[in-house]
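Peer 1: Before anything else, here's the structure in question.
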Amino acid sequence: MSKPSGKPRKVLTGTIHLANSEANELQPKVALYIVDRSFKLIHMSTVGEVGAFEIPTDTVQSAHRILVGPVTEDFDNLEREKLLTLRPADFSQLIERGQLNIARTLWQTWLSFITCVSGTVKRCRRHPSWWYELVQHVRTPLTARALSPINVGRTQLSLRERSPLATLASSSVSELLLWPYQCAIVCKGTVEVYRRTCCCEPWIIDDFRWPELIRDLEDIVREIPEIRWPPRPFPPDPEPWINLPFVKSGALDEFSLNASRDLMALRSLPKTEVVNYINARPYLLCRRYSCGTPVKVGEGRINPDGRYNVCWRDWPRLYLSHCHDAYAYVVKQIINGVEVVIYDGVAANQWYDVHDNPTLVSYHPQAVACRDNGGPGAGAFVYLDLIGDTGAHNLKTPDSTGWDRVAMPAYNDGLAFPAANALDAVGKNKDCNWGGTLKLSYMFSEDMLGVGAKYYRISVAQADGSGNPVVGTRHYLSAGLSWNKSESTPTGVEIIPVTMGPFSQGGQDFLYLIPYDAEEDWSDGFYHAYLDTTQTQWSGPVNLTDPTQRHLVTLEVFDAAGHLLRPQGTAATGQGFTEHEADFTYRRRSHATGATAQVPFAALTHLFWWDNRRIEADIVDLRHNGVISTQECQFMETCGPSAGSSTFGIGYRAYHPYEPFQLYHQIWWHRGLNGATDYLPPDPPPPAPPAPDFITGNVGLPVPPGTPPGPSPTATFSHMLGHEASTPHVRCTFTVFLYAYAKTTDGESLSNPYDWESASFALGAEPICPEEA
């Protein structure tokens, strides 16, 4: 390295003046940046309080450009279009003439300030049946267009498996999105903030953007898959749901989600209404051609409570009257060393105002969420909180009368979604029987740790008609159980499985650890028990004529030594092992929100009524004017002036062994290829009210053996052949469908179990008989 010559460097001095600035007005701190041809920074000189500066002369002479702008330590991220850019020769001439003046419109953009955004990140779990229902709702307009244009008196059906639970309860995508489900905060990860500027011109009639919008919607619609339920294998891999066209790295894309319905609306509305339709929907109005490229402006960590607060140094921004800034977020987690984008709001077109406080919802199956068990100080208590995704207040259970029993059950005790009376439950998803595997989640408050509660045990016993356990029927849940905990590492989050039981301690078996947030960062989405109601020891009725059974599910709590803990002042269980009183209470969740009810006994018992027997649907015969035929190939033909009044019906069975557990059944026919569809019975002529499109109650229950099938409602040949239409048929092929649905629920799936059958036949109705012609 050469030694310095000792000669002082020559410097160029001058003054920079911020034009039209006023006394006491806030002014930016200014700097001169000397750059080479690649715009790499060579030298920086800060301008003093009165605008004076000095720069080495040789630096000016070797420069490619001299930039004037706000002081920053991050020169590479300065927006170059906001800087004053000068050639070295021009800069020198301006300084020689006096001072360098900076226009007010330019220097005002150098006033930096802090911009902040905040919000919350959550991970929500949806059952595969919910994704199926969402796809069907998104596809509904496609199905409607594919059906025959002949309207036979009511909305056309799609001939595919349907879920009455979601179909009856949600008539739109927005309603389906509000269906009960479980969410938890995401407390570990990174939030990236992106900004774009949009200039969204309101639409006008015959807008030039019309062809591109329609083309974009059509492209999305073509990608929407047809999904049959239940999928095979079941349960399905969660990844296919995440790869749906309206899911972008765990975020729902509003534009894609509504594409089918928007496309149908835009094609059917008058031009004037099309304009209003688009202008009322920001996701249609502010399309990509109206917005600039998203730019990352900030990044921050997610706090332990699931909230983020991201701030960055910003500069004044000037807009046209119809322009604005919008912000989107990308959430990332490093899970076991792999970076995973669990929410991509940029790709999903989820844009917000800077002042919004959005909740970013991720549906990504790999997203790691944190359980929020509440903090200490609320008191020591235990209650049943969830059955799958269903709140335990939806379980109708009698009051406890002992540690292992309940009061005499009413007609619908033990069922889900209780009805006000038996009639109110007919044809509705009320008074539903449980079935399958019930995921039980109990609330063990954090203060239970302080009273020494370490283990819990769950047992099942058959209940008699008075709500007492049947002697000799008690069995304990004994399947292995593990939960995941998360640990922060220098590279992200590590997921670690933890065995929760069963353990043996102090002579007690089938014990499971109580998870406390004070001890570990437990991942959300795990349950305290998985009760398989199909297991032989407590499966309930199996055969058609078996009587129904209800069961008692009992929770007990133990200390570290394996001694039973019971609330203070409660009677001992008398089971013959050591018991201690402790300062806690058992409680029952009887409402969605609000106070819980105290259970003053040594254990917590609920009554469940499950029945896993199948719903049955069987088409036994076809009927022409009531005449039964069981032939494999059937051609029903008639002729003459009254030919059209001939009737078609079926003989069938649709039943559940316990009739109240049938939701309903439906019978409908479909004509030819893409022809008309209608229910049995069809609607009567106006002004009579429409006929119901479902039938309640068992039909053709084969008890006693030899009981014949029941007759269906009928339709006339004239109606089925479309004689009321402009182009009626004389003869055609048909398919008749029978679907029967049960009320059985596991508290999580939206879909009702069903059975179905179909049969094909042909009809003909000649107005003139051949011998008369």
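Going by the structure tokens order, chains are called A, B, ..., each with residues numbered from 1, while ligands are numbered from 1 in the order shown.
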Residues near Glu581 (chain A), anyone? I mean within 6 Å using only C-alpha atoms, not counting same-chain ones fewer than 3 positions away, as an MDAnalysis selection string.
Peer 2: chainID A and resid 565:568
Peer 1: Taking C-alpha atoms for each residue, export the selection above as a short mmCIF file (atom, residue, chain, number, x, y, z; two decimals), in the first residue's frame.
Peer 2:
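Final output, part_21.cif:
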```cif
data_model
loop_
_atom_site.label_atom_id
_atom_site.label_comp_id
_atom_site.auth_asym_id
_atom_site.auth_seq_id
_atom_site.Cartn_x
_atom_site.Cartn_y
_atom_site.Cartn_z
CA LEU A 565 -57.92 -35.79 42.29
CA ARG A 566 -61.49 -34.74 42.95
CA PRO A 567 -62.90 -31.24 43.51
CA GLN A 568 -63.15 -30.08 47.11
#
```
Peer 1: I'd like to know which residues of region 267-473 of chain A are strand (DSSP E or B) (by DSSP, run on the backbone); could you write them as a ChimeraX atom specification?
Peer 2: /A:291,295-302,307-314,323-335,338-344,352,359-362,370,381-387,390-391,395,400-402,405-406,416,432,434,437-444,455-463,469
Peer 1: So that I can see what lies close to region 106-110 of chain A, please list as a ChimeraX atom specification the residues with an atom at most 12 Å from it, counting only C-alpha atoms and leaving out residues fewer than 4 positions away in the same chain.
Peer 2: /A:16-21,25-31,68-72,78-85,101-102,313-318
Peer 1: Quick one: DSSP helix (DSSP H, G or I) residues in region 534-716 of chain A, as a list in words?
Peer 2: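 Those residues are Thr536, Gln537, Trp538, Ala643, Gly644, Ser645, Glu659, Pro660 and Phe661 of chain A.
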Peer 1: Can you pull out every residue within 10 Å of region 626-632 of chain A, counting only C-alpha atoms, but drop anything in the same chain fewer than 4 positions away, and send it as JSON, numbers by chain?
Peer 2: {"A": [619, 620, 621, 622, 646, 647, 648, 649, 650, 651, 711, 712, 714, 759, 760, 761]}
Peer 1: Quick one: residues within 7 Å of region 336-348 of chain A, only C-alpha atoms counted, chain neighbours fewer than 3 positions away excluded, as an mmCIF file with all heavy atoms, in the first residue's frame?
Peer 2:
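Just written: out06.cif:
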```cif
data_model
loop_
_atom_site.group_PDB
_atom_site.id
_atom_site.type_symbol
_atom_site.label_atom_id
_atom_site.label_comp_id
_atom_site.auth_asym_id
_atom_site.auth_seq_id
_atom_site.Cartn_x
_atom_site.Cartn_y
_atom_site.Cartn_z
ATOM 1 N N LYS A 248 -53.790 -20.158 -3.012
ATOM 2 C CA LYS A 248 -52.435 -19.746 -3.400
ATOM 3 C C LYS A 248 -51.533 -19.788 -2.167
ATOM 4 O O LYS A 248 -51.568 -18.888 -1.318
ATOM 5 C CB LYS A 248 -52.459 -18.336 -3.997
ATOM 6 C CG LYS A 248 -53.446 -18.161 -5.164
ATOM 7 C CD LYS A 248 -53.065 -18.998 -6.369
ATOM 8 C CE LYS A 248 -54.127 -18.959 -7.465
ATOM 9 N NZ LYS A 248 -54.392 -17.610 -7.992
ATOM 10 N N SER A 249 -50.775 -20.874 -2.049
ATOM 11 C CA SER A 249 -49.874 -21.054 -0.906
ATOM 12 C C SER A 249 -50.605 -20.829 0.411
ATOM 13 O O SER A 249 -50.139 -20.112 1.298
ATOM 14 C CB SER A 249 -48.665 -20.116 -1.011
ATOM 15 O OG SER A 249 -47.880 -20.435 -2.131
ATOM 16 N N GLY A 250 -51.752 -21.458 0.549
ATOM 17 C CA GLY A 250 -52.502 -21.396 1.800
ATOM 18 C C GLY A 250 -53.479 -20.253 1.912
ATOM 19 O O GLY A 250 -54.252 -20.198 2.874
ATOM 20 N N ALA A 251 -53.491 -19.297 0.967
ATOM 21 C CA ALA A 251 -54.409 -18.155 1.007
ATOM 22 C C ALA A 251 -55.497 -18.335 -0.040
ATOM 23 O O ALA A 251 -55.241 -18.813 -1.141
ATOM 24 C CB ALA A 251 -53.646 -16.851 0.769
ATOM 25 N N LEU A 252 -56.731 -17.940 0.303
ATOM 26 C CA LEU A 252 -57.842 -18.020 -0.641
ATOM 27 C C LEU A 252 -57.828 -16.807 -1.567
ATOM 28 O O LEU A 252 -57.713 -15.672 -1.114
ATOM 29 C CB LEU A 252 -59.175 -18.081 0.107
ATOM 30 C CG LEU A 252 -59.463 -19.371 0.887
ATOM 31 C CD1 LEU A 252 -60.828 -19.291 1.554
ATOM 32 C CD2 LEU A 252 -59.388 -20.588 -0.008
ATOM 33 N N ASP A 253 -57.944 -17.077 -2.862
ATOM 34 C CA ASP A 253 -57.938 -16.030 -3.892
ATOM 35 C C ASP A 253 -59.384 -15.658 -4.212
ATOM 36 O O ASP A 253 -60.138 -16.445 -4.786
ATOM 37 C CB ASP A 253 -57.225 -16.562 -5.141
ATOM 38 C CG ASP A 253 -57.211 -15.551 -6.276
ATOM 39 O OD1 ASP A 253 -57.754 -14.438 -6.106
ATOM 40 O OD2 ASP A 253 -56.666 -15.873 -7.341
ATOM 41 N N ALA A 328 -50.090 -6.010 0.519
ATOM 42 C CA ALA A 328 -50.339 -7.451 0.632
ATOM 43 C C ALA A 328 -49.201 -8.070 1.432
ATOM 44 O O ALA A 328 -48.112 -7.484 1.563
ATOM 45 C CB ALA A 328 -50.453 -8.106 -0.734
ATOM 46 N N TYR A 329 -49.435 -9.277 1.937
ATOM 47 C CA TYR A 329 -48.499 -9.892 2.868
ATOM 48 C C TYR A 329 -48.161 -11.321 2.451
ATOM 49 O O TYR A 329 -49.009 -12.048 1.919
ATOM 50 C CB TYR A 329 -49.094 -9.893 4.280
ATOM 51 C CG TYR A 329 -49.532 -8.516 4.730
ATOM 52 C CD1 TYR A 329 -50.821 -8.052 4.472
ATOM 53 C CD2 TYR A 329 -48.644 -7.665 5.371
ATOM 54 C CE1 TYR A 329 -51.222 -6.787 4.861
ATOM 55 C CE2 TYR A 329 -49.029 -6.390 5.769
ATOM 56 C CZ TYR A 329 -50.316 -5.957 5.510
ATOM 57 O OH TYR A 329 -50.702 -4.697 5.881
ATOM 58 N N VAL A 330 -46.932 -11.684 2.704
ATOM 59 C CA VAL A 330 -46.464 -13.055 2.490
ATOM 60 C C VAL A 330 -45.910 -13.550 3.822
ATOM 61 O O VAL A 330 -45.056 -12.890 4.420
ATOM 62 C CB VAL A 330 -45.384 -13.126 1.398
ATOM 63 C CG1 VAL A 330 -44.825 -14.549 1.295
ATOM 64 C CG2 VAL A 330 -45.945 -12.684 0.053
ATOM 65 N N VAL A 331 -46.436 -14.686 4.294
ATOM 66 C CA VAL A 331 -46.015 -15.232 5.580
ATOM 67 C C VAL A 331 -45.203 -16.496 5.338
ATOM 68 O O VAL A 331 -45.634 -17.391 4.604
ATOM 69 C CB VAL A 331 -47.229 -15.553 6.470
ATOM 70 C CG1 VAL A 331 -46.767 -16.063 7.832
ATOM 71 C CG2 VAL A 331 -48.112 -14.319 6.636
ATOM 72 N N LYS A 332 -44.029 -16.529 5.956
ATOM 73 C CA LYS A 332 -43.127 -17.667 5.785
ATOM 74 C C LYS A 332 -42.758 -18.254 7.138
ATOM 75 O O LYS A 332 -42.641 -17.541 8.135
ATOM 76 C CB LYS A 332 -41.845 -17.236 5.059
ATOM 77 C CG LYS A 332 -42.070 -16.707 3.650
ATOM 78 C CD LYS A 332 -40.758 -16.268 3.010
ATOM 79 C CE LYS A 332 -40.965 -15.772 1.577
ATOM 80 N NZ LYS A 332 -39.686 -15.331 0.961
ATOM 81 N N GLN A 333 -42.594 -19.579 7.154
ATOM 82 C CA GLN A 333 -42.064 -20.283 8.311
ATOM 83 C C GLN A 333 -40.957 -21.213 7.855
ATOM 84 O O GLN A 333 -41.064 -21.818 6.779
ATOM 85 C CB GLN A 333 -43.154 -21.099 9.019
ATOM 86 C CG GLN A 333 -44.197 -20.274 9.734
ATOM 87 C CD GLN A 333 -45.204 -21.145 10.477
ATOM 88 O OE1 GLN A 333 -45.685 -22.138 9.947
ATOM 89 N NE2 GLN A 333 -45.516 -20.772 11.715
ATOM 90 N N SER A 362 -54.323 -18.612 7.009
ATOM 91 C CA SER A 362 -53.630 -19.628 6.219
ATOM 92 C C SER A 362 -54.343 -20.961 6.355
ATOM 93 O O SER A 362 -54.699 -21.379 7.461
ATOM 94 C CB SER A 362 -52.176 -19.787 6.695
ATOM 95 O OG SER A 362 -51.570 -20.907 6.078
ATOM 96 N N HIS A 364 -52.792 -23.579 4.886
ATOM 97 C CA HIS A 364 -51.704 -24.470 4.473
ATOM 98 C C HIS A 364 -51.569 -25.631 5.455
ATOM 99 O O HIS A 364 -51.524 -25.431 6.680
ATOM 100 C CB HIS A 364 -50.394 -23.687 4.413
ATOM 101 C CG HIS A 364 -49.356 -24.331 3.563
ATOM 102 N ND1 HIS A 364 -48.719 -25.502 3.921
ATOM 103 C CD2 HIS A 364 -48.837 -23.987 2.346
ATOM 104 C CE1 HIS A 364 -47.851 -25.845 2.979
ATOM 105 N NE2 HIS A 364 -47.912 -24.943 2.016
ATOM 106 N N ALA A 367 -48.574 -25.388 7.926
ATOM 107 C CA ALA A 367 -48.443 -24.227 8.802
ATOM 108 C C ALA A 367 -48.438 -24.667 10.264
ATOM 109 O O ALA A 367 -49.255 -25.487 10.685
ATOM 110 C CB ALA A 367 -49.565 -23.234 8.535
ATOM 111 N N THR A 491 -32.458 -21.298 12.932
ATOM 112 C CA THR A 491 -32.864 -21.344 11.526
ATOM 113 C C THR A 491 -34.378 -21.346 11.336
ATOM 114 O O THR A 491 -34.847 -21.333 10.206
ATOM 115 C CB THR A 491 -32.278 -22.592 10.848
ATOM 116 O OG1 THR A 491 -32.729 -23.768 11.535
ATOM 117 C CG2 THR A 491 -30.756 -22.535 10.865
ATOM 118 N N GLY A 492 -35.152 -21.377 12.432
ATOM 119 C CA GLY A 492 -36.600 -21.382 12.254
ATOM 120 C C GLY A 492 -37.312 -22.113 13.368
ATOM 121 O O GLY A 492 -37.079 -21.839 14.545
ATOM 122 N N VAL A 493 -38.185 -23.054 13.005
ATOM 123 C CA VAL A 493 -39.002 -23.778 13.966
ATOM 124 C C VAL A 493 -38.773 -25.272 13.785
ATOM 125 O O VAL A 493 -38.828 -25.782 12.667
ATOM 126 C CB VAL A 493 -40.504 -23.459 13.783
ATOM 127 C CG1 VAL A 493 -41.340 -24.233 14.795
ATOM 128 C CG2 VAL A 493 -40.753 -21.968 13.922
ATOM 129 N N GLU A 494 -38.536 -25.974 14.879
ATOM 130 C CA GLU A 494 -38.398 -27.425 14.832
ATOM 131 C C GLU A 494 -39.633 -28.048 15.466
ATOM 132 O O GLU A 494 -40.040 -27.659 16.562
ATOM 133 C CB GLU A 494 -37.146 -27.887 15.576
ATOM 134 C CG GLU A 494 -36.912 -29.391 15.474
ATOM 135 C CD GLU A 494 -35.623 -29.832 16.144
ATOM 136 O OE1 GLU A 494 -34.916 -28.971 16.693
ATOM 137 O OE2 GLU A 494 -35.346 -31.045 16.120
ATOM 138 N N ILE A 495 -40.258 -29.004 14.773
ATOM 139 C CA ILE A 495 -41.447 -29.691 15.266
ATOM 140 C C ILE A 495 -41.026 -31.012 15.893
ATOM 141 O O ILE A 495 -40.380 -31.845 15.246
ATOM 142 C CB ILE A 495 -42.454 -29.934 14.129
ATOM 143 C CG1 ILE A 495 -42.753 -28.624 13.406
ATOM 144 C CG2 ILE A 495 -43.725 -30.557 14.669
ATOM 145 C CD1 ILE A 495 -43.308 -27.545 14.300
#
```
Peer 1: Please provide the set of residues having any atom within 12 Å of Trp610 (chain A), restricted to only C-alpha atoms, with same-chain residues fewer than 2 positions apart removed, written as a PyMOL selection string.
Peer 2: chain A and resi 395+412-416+431-438+462-463+531-535+538-542+548-553+607-608+612-613+658+661+743-747
Peer 1: Once you have the residues from the selection above, write them out as a compact mmCIF listing (two decimals), in the first residue's frame, restricted to C-alpha atoms.
Peer 2:
```
# COMPACT_ATOMS: atom_id res chain seq x y z
CA LEU A 395 -74.12 -32.06 22.76
CA ASN A 412 -82.95 -36.74 22.40
CA ASP A 413 -80.32 -36.66 25.14
CA GLY A 414 -76.90 -37.72 23.90
CA LEU A 415 -77.48 -36.33 20.39
CA ALA A 416 -75.85 -33.41 18.56
CA ASP A 431 -80.97 -34.42 16.87
CA CYS A 432 -78.03 -35.99 15.00
CA ASN A 433 -76.54 -39.28 16.14
CA TRP A 434 -72.81 -39.46 16.65
CA GLY A 435 -70.64 -41.92 14.74
CA GLY A 436 -67.15 -42.65 13.50
CA THR A 437 -64.19 -41.35 15.50
CA LEU A 438 -65.01 -38.55 17.92
CA GLN A 462 -73.07 -48.32 28.36
CA ALA A 463 -75.94 -46.32 29.91
CA LEU A 531 -62.87 -42.17 20.58
CA ASP A 532 -63.55 -44.73 17.84
CA THR A 533 -67.24 -45.47 18.32
CA THR A 534 -67.04 -48.49 15.99
CA GLN A 535 -64.87 -50.51 18.39
CA TRP A 538 -68.75 -49.94 22.88
CA SER A 539 -69.95 -49.98 19.25
CA GLY A 540 -73.66 -50.06 20.12
CA PRO A 541 -76.28 -51.63 17.82
CA VAL A 542 -75.02 -53.57 14.81
CA THR A 548 -80.36 -48.40 20.33
CA GLN A 549 -77.74 -47.72 23.00
CA ARG A 550 -76.37 -44.63 24.71
CA HIS A 551 -72.99 -44.40 26.36
CA LEU A 552 -71.40 -42.51 29.26
CA VAL A 553 -67.99 -40.93 28.63
CA LEU A 607 -73.97 -38.89 27.72
CA PHE A 608 -73.43 -39.72 24.02
CA ASN A 612 -72.92 -46.45 13.18
CA ARG A 613 -75.47 -48.48 11.24
CA TYR A 658 -83.63 -46.14 13.76
CA PHE A 661 -81.59 -40.90 12.27
CA LYS A 743 -77.82 -37.62 10.22
CA THR A 744 -74.68 -39.30 11.56
CA THR A 745 -71.91 -36.84 12.46
CA ASP A 746 -68.46 -36.97 13.98
CA GLY A 747 -68.61 -33.26 14.79
```
Peer 1: Considering only C-alpha atoms, can you say which of A:Gly377, A:Gly119, A:Gly722, A:Gly402 comes closest to Tyr352 (chain A)?
Peer 2: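 Looking at the shortest contact to Tyr352 (chain A), the residue is A:Gly119.
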Peer 1: Quick one, how far is CA of Val191 (chain A) from CA of Leu360 (chain A)?
Peer 2: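 These atoms are spaced 10.1 Å apart.
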Peer 1: Tell me, in Å to one decimal, how far CA of Asp219 (chain A) is from CA of His127 (chain A).
Peer 2: 27.5 Å
Peer 1: Can you pull out the residues contacting Cys124 (chain A)? Cut-off 7 Å, using only C-alpha atoms, and skip same-chain residues under 5 positions away; I want them as a list in words.
Peer 2: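 Here the answer would be Gln182, Cys183, Ala184, Val361, Ser362 and Tyr363 of chain A.
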Peer 1: Go through A:Leu217, A:Ala479, A:Leu423, A:Ala676 and flag the residue nearest Ala725 (chain A), using only C-alpha atoms for the distances.
Peer 2: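 Answer, going by the shortest atom-to-atom distance: A:Ala676.
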Peer 1: Could you check how far CA of Ala52 (chain A) sits from CA of Gly98 (chain A), in Å to one decimal?
Peer 2: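 We find that CA of Ala52 (chain A) and CA of Gly98 (chain A) lie 11.6 Å from each other.
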Peer 1: Taking into account only C-alpha atoms, which residue in the set A:Asn77, A:Met636, A:Pro88, A:Arg261 is nearest to Gln136 (chain A)?
Peer 2: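 Between A:Asn77, A:Met636, A:Pro88, A:Arg261, the residue approaching Gln136 (chain A) most closely is A:Arg261.
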